[in-house]
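Participant: Attaching a single structure in structure tokens format; questions to follow.
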Amino acid sequence: MSPSDGSGTSPSESSGMSPGDSSGTSPGESSGAPPAKRSGGSSAKRSGTTPSKSSGATPSKSSGATPAKRSGASSAPAPAVRRVAVIGGTRIPFARSDGPYATASNQDMLTAALDGLVVRYGLGDPGAVGEFVAGAVLKHSRDFNLARETVLGSELDARTPAYDIQQACGTGLQAVIAAANKIALGQTEAAIAGGADTASDAPLGVNDRLRRILLEARRAKTLGGRVKALSQVRPSHLVPDIPRNAEPRTKLSMGEHAAVTARAWGVTREAQDELAAASHQRLAAAYERGFFEDLVVPFRGLDRDQNLRPGSTPEKLAALKPVFGLDGEHPTMTAGNSTPLTDGAALVLLASEEWAERRGLEPLAYLTAHETAAVDFVHGDVAGGEDGLLMAPAYAVPRMLERAGLGLEDFEFVEVHEAFASQVLATLAAWEKRGLTPVDRARLNVNGSSLATGHPFAATGARIVATLAKSLAESGGSGRGLISVCAAGGQGVTAILERR
């Protein structure tokens, strides 16, 4: 697959930064290409765009430099790309749907996480951060301006700009990337990013036929016309539209798609149950040693993730009946090795090194590279496993590592979002097929992941970023961590954190 096949963008456009970027080199130097020639006045082109086009600002605006004169052969130098520090994160405990957070809205949960972050890092002063970026996947019409409304209801300065972002399960990580890119380009000094989702308070739509009738009645010019339109209403029109966990183009649920991929890659039931049990055991151990004390704030009676089962074992999980892939032989996917519907919110604080130094905050890690990809799960090689719904990280990670000049053996930690145990195992197998070194399981999701915590769609990316950053800081040294998140719609979002 060529660099542009998966995401529709070139590697440099999709990453925004690379390990080289974090050292303060120019964009041309950070992409693995030769440095831009300073003689002759032309700067290096990046995938057909100039740095000013890719950042959305002119070099003078982002760097503070004097604009280049238009006469003569010289042009303004590209803005230096700054290191983006992960200062920390805060989330509320994740809860199973229709449980403790059944009456909590996306805004309620996101505000609780934001207030926890403001208190923890002393962000209550005017202009403390430059921007708030967040999103949700299951959104009510009232959530149309979710991020901004969350700011207005929180302890953060009400003058903080905010906007929503959404890329299914990749939302939280994409929010982090969006905020990080502005910091890297000098457009802001600090930002908060993440997301929230509630499966309990899912929006119910008006029956589409009823909606059309009501619109017809509204457009009518006379009372008689309105009465005629409304006379079409039937009892069946009063049944609401309930959100369905299915891809619009295939009508298959994410679990059914994952079952197809599991069969294609030969993922066994035993391997799935072992991975799921390890996720619970590692999350439980992390809570016991206090790892989450500065990452999780209590909310509505919970102080740890409700889905956590400390006593989970492969033997106990083996007793559960399969729930996906029942149309095929020997189904392997159960409720125990799949993530449950979950409510929750998570946020990450990002900043420039200068901002962190002024406030006396020690960065946990630095975001140095990222990559997105997509697969054609409708017409592609789905049966063969190559283009399964959740397999985009199998393309994004190799591209990102090639650009960074790294291999999987160069990472101290590997964080793979556990939408399903089968999807994690298929992704690991695909990386090996593409020539990457097998992942040492001792480095995989060392503090548990989505199978144990649960998966509030838009919150997962921020949870992983904060957890990985702290894992790197706790281990000391100058290690690296890899993040891989699959998402609905055949998409994947990946990133690299470094502690150096």
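Residues in the structure tokens are named by chain (A, B, ... in the order shown) and by number from 1 within that chain; ligands are numbered from 1 in the order shown.
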Return as JSON lines the residues of segment 292-405 of chain A lying at most 8 Å from segment 432-454 of chain A, together with the closest atom-to-atom pair for each and the distance in Å to one decimal, counting only C-alpha atoms, with rows in chain order and ascending residue number.

Facilitator:
{"residue": "A:Asp305", "atom": "CA", "partner": "A:Thr453", "partner_atom": "CA", "distance": 5.6}
{"residue": "A:Gln306", "atom": "CA", "partner": "A:Thr453", "partner_atom": "CA", "distance": 7.5}
{"residue": "A:Asn307", "atom": "CA", "partner": "A:Thr453", "partner_atom": "CA", "distance": 5.9}
{"residue": "A:Leu308", "atom": "CA", "partner": "A:Ala452", "partner_atom": "CA", "distance": 5.1}
{"residue": "A:Arg309", "atom": "CA", "partner": "A:Ala452", "partner_atom": "CA", "distance": 7.2}
{"residue": "A:Gly336", "atom": "CA", "partner": "A:Leu451", "partner_atom": "CA", "distance": 7.9}
{"residue": "A:Asn337", "atom": "CA", "partner": "A:Leu451", "partner_atom": "CA", "distance": 6.8}
{"residue": "A:Ser338", "atom": "CA", "partner": "A:Leu451", "partner_atom": "CA", "distance": 6.3}
{"residue": "A:Thr339", "atom": "CA", "partner": "A:Leu451", "partner_atom": "CA", "distance": 4.9}
{"residue": "A:Pro340", "atom": "CA", "partner": "A:Gly454", "partner_atom": "CA", "distance": 6.0}
{"residue": "A:Leu341", "atom": "CA", "partner": "A:Gly454", "partner_atom": "CA", "distance": 7.2}
{"residue": "A:Thr342", "atom": "CA", "partner": "A:Gly454", "partner_atom": "CA", "distance": 5.7}
{"residue": "A:Pro398", "atom": "CA", "partner": "A:Leu436", "partner_atom": "CA", "distance": 7.5}

Participant: Counting only C-alpha atoms, what is within 6 Å of segment 139-144 of chain A, bar same-chain residues fewer than 2 positions away, as a list in words?

Facilitator: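 With the cut-off at 6 Å, the set is Val137, Leu146 and Pro203 of chain A.
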
Participant: How many Å lie between atom CA of Arg358 of chain A and atom CA of Phe132 of chain A, rounded to one decimal?

Facilitator: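 Between atom CA of Arg358 of chain A and atom CA of Phe132 of chain A the gap works out to 20.1 Å.
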
Participant: Please identify the strand (DSSP E) residues within segment 136-303 of chain A (assignment by DSSP from backbone atoms) and present them as a count of residues only.

Facilitator: 11

Participant: Show me, as a PyMOL selection string, the residues that have an atom within 9 Å of Tyr101 of chain A when counting only C-alpha atoms, minus same-chain residues fewer than 2 positions from it.

Facilitator: chain A and resi 95-99+103-105+109+198+200-201+299-300+343-344

Participant: Output C-alpha atoms of each residue in that selection to a file, as a PDB file, in the first residue's frame.

Facilitator:
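This went into out_21.pdb:
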ATOM      1  CA  ALA A  95     -19.192   3.030  34.121  1.00  0.00           C
ATOM      2  CA  ARG A  96     -21.270   0.396  32.412  1.00  0.00           C
ATOM      3  CA  SER A  97     -24.217   1.837  30.513  1.00  0.00           C
ATOM      4  CA  ASP A  98     -27.499   2.240  32.380  1.00  0.00           C
ATOM      5  CA  GLY A  99     -25.595   2.199  35.650  1.00  0.00           C
ATOM      6  CA  THR A 103     -28.787  10.225  33.990  1.00  0.00           C
ATOM      7  CA  ALA A 104     -25.488  11.996  33.299  1.00  0.00           C
ATOM      8  CA  SER A 105     -25.127  13.803  29.996  1.00  0.00           C
ATOM      9  CA  MET A 109     -19.248  13.938  32.501  1.00  0.00           C
ATOM     10  CA  THR A 198     -22.692   8.073  27.183  1.00  0.00           C
ATOM     11  CA  SER A 200     -26.989   5.317  28.666  1.00  0.00           C
ATOM     12  CA  ASP A 201     -28.301   8.671  27.464  1.00  0.00           C
ATOM     13  CA  PHE A 299     -17.858  10.836  40.037  1.00  0.00           C
ATOM     14  CA  ARG A 300     -21.351   9.836  41.144  1.00  0.00           C
ATOM     15  CA  ASP A 343     -20.191   5.915  29.896  1.00  0.00           C
ATOM     16  CA  GLY A 344     -17.272   8.199  30.728  1.00  0.00           C
TER      17      GLY A 344
END

Participant: Extract, using only C-alpha atoms, all DNA, RNA and protein residues at most 9 Å from segment 122-125 of chain A, discarding same-chain residues fewer than 6 positions from it, and format them as a ChimeraX atom specification.

Facilitator: /A:155-157

Participant: With distances taken over only C-alpha atoms, which residue among A:Val493, A:Ala429, A:Ala374, A:Val323 lies nearest Met400 of chain A?

Facilitator: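 Among the listed residues, A:Val493 lies closest to Met400 of chain A.
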
Participant: Nearest to Ile92 of chain A among A:Phe292, A:Tyr163, A:Tyr287, A:Phe411, with distances taken over only C-alpha atoms: which residue is it?

Facilitator: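 Ranking A:Phe292, A:Tyr163, A:Tyr287, A:Phe411 by distance to Ile92 of chain A, first place goes to A:Phe292.
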
Participant: Name the residues of segment 84-277 of chain A that come out as helix (DSSP H, G or I) in a backbone DSSP run; write them as a ChimeraX atom specification.

Facilitator: /A:106-121,141-143,146-152,171-184,208-219,223-230,235-238,254-265,269-277

Participant: Which residues are close to segment 169-181 of chain A, i.e. within 6 Å by only C-alpha atoms, leaving aside same-chain residues fewer than 6 positions away? Reply as an mmCIF file with N, CA and C atoms, in the first residue's frame.

Facilitator:
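Okay, this is what ended up in result.cif:
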data_model
loop_
_atom_site.group_PDB
_atom_site.id
_atom_site.type_symbol
_atom_site.label_atom_id
_atom_site.label_comp_id
_atom_site.auth_asym_id
_atom_site.auth_seq_id
_atom_site.Cartn_x
_atom_site.Cartn_y
_atom_site.Cartn_z
ATOM 1 N N VAL A 133 -10.455 21.335 23.251
ATOM 2 C CA VAL A 133 -10.914 20.554 22.101
ATOM 3 C C VAL A 133 -11.462 19.227 22.605
ATOM 4 N N ALA A 134 -12.695 18.913 22.267
ATOM 5 C CA ALA A 134 -13.294 17.668 22.745
ATOM 6 C C ALA A 134 -14.421 17.251 21.825
ATOM 7 N N ALA A 193 -7.536 18.557 25.727
ATOM 8 C CA ALA A 193 -8.204 17.804 24.665
ATOM 9 C C ALA A 193 -8.688 16.454 25.176
ATOM 10 N N GLY A 194 -9.758 15.959 24.581
ATOM 11 C CA GLY A 194 -10.277 14.648 24.958
ATOM 12 C C GLY A 194 -11.686 14.435 24.460
ATOM 13 N N GLY A 195 -12.499 13.759 25.269
ATOM 14 C CA GLY A 195 -13.863 13.496 24.835
ATOM 15 C C GLY A 195 -14.685 12.782 25.889
ATOM 16 N N PHE A 457 -16.700 5.801 23.756
ATOM 17 C CA PHE A 457 -16.041 5.968 22.468
ATOM 18 C C PHE A 457 -15.071 7.147 22.372
ATOM 19 N N ALA A 458 -15.546 8.360 22.603
ATOM 20 C CA ALA A 458 -14.700 9.540 22.407
ATOM 21 C C ALA A 458 -13.703 9.762 23.532
ATOM 22 N N ALA A 459 -13.845 9.054 24.633
ATOM 23 C CA ALA A 459 -12.960 9.259 25.789
ATOM 24 C C ALA A 459 -11.727 8.371 25.759
ATOM 25 N N GLY A 461 -9.274 7.615 23.598
ATOM 26 C CA GLY A 461 -7.981 8.127 23.146
ATOM 27 C C GLY A 461 -7.268 8.943 24.201
ATOM 28 N N ALA A 462 -8.000 9.825 24.870
ATOM 29 C CA ALA A 462 -7.393 10.644 25.921
ATOM 30 C C ALA A 462 -6.988 9.787 27.115
ATOM 31 N N ALA A 487 -11.094 2.513 14.756
ATOM 32 C CA ALA A 487 -12.316 3.301 14.848
ATOM 33 C C ALA A 487 -13.340 2.838 13.824
ATOM 34 N N VAL A 493 -6.256 5.624 14.186
ATOM 35 C CA VAL A 493 -5.465 6.781 14.608
ATOM 36 C C VAL A 493 -4.336 6.263 15.487
#

Participant: Give one line per residue of segment 402-494 of chain A that approaches segment 375-394 of chain A to at most 9 Å, naming the two atoms of the closest pair and their distance in Å to one decimal, counting only C-alpha atoms; sort by chain then ascending residue number and deliver it as a tab-separated table.

Facilitator:
residue	atom	partner	partner_atom	distance
A:Ala419	CA	A:Leu390	CA	8.8
A:Gln423	CA	A:Leu390	CA	6.8
A:Ala426	CA	A:Met391	CA	7.9
A:Thr427	CA	A:Ala394	CA	5.7
A:Leu428	CA	A:Ala394	CA	8.0
A:Ala429	CA	A:Ala394	CA	8.9
A:Ala430	CA	A:Ala394	CA	5.8
A:Trp431	CA	A:Ala394	CA	5.8
A:Arg434	CA	A:Ala394	CA	8.3
A:Ser484	CA	A:Pro393	CA	6.2
A:Val485	CA	A:Pro393	CA	6.9
A:Cys486	CA	A:Leu390	CA	5.3
A:Ala487	CA	A:Leu390	CA	6.2
A:Ala488	CA	A:Leu389	CA	6.9
A:Gly489	CA	A:Leu389	CA	6.7
A:Gly490	CA	A:Leu389	CA	4.4
A:Gln491	CA	A:Ala392	CA	5.2
A:Gly492	CA	A:Ala392	CA	4.8
A:Val493	CA	A:Pro393	CA	6.7
A:Thr494	CA	A:Pro393	CA	6.9

Participant: Once you count only C-alpha atoms, what closest atom pair and distance in Å to one decimal does each residue of segment 204-273 of chain A within 12 Å of segment 318-321 of chain A have, with rows by chain and rising residue number, as JSON lines?

Facilitator:
{"residue": "A:Thr268", "atom": "CA", "partner": "A:Ala318", "partner_atom": "CA", "distance": 11.6}
{"residue": "A:Arg269", "atom": "CA", "partner": "A:Ala318", "partner_atom": "CA", "distance": 8.0}
{"residue": "A:Glu270", "atom": "CA", "partner": "A:Ala318", "partner_atom": "CA", "distance": 7.6}
{"residue": "A:Ala271", "atom": "CA", "partner": "A:Ala318", "partner_atom": "CA", "distance": 10.6}
{"residue": "A:Gln272", "atom": "CA", "partner": "A:Ala318", "partner_atom": "CA", "distance": 9.7}
{"residue": "A:Asp273", "atom": "CA", "partner": "A:Ala318", "partner_atom": "CA", "distance": 6.8}
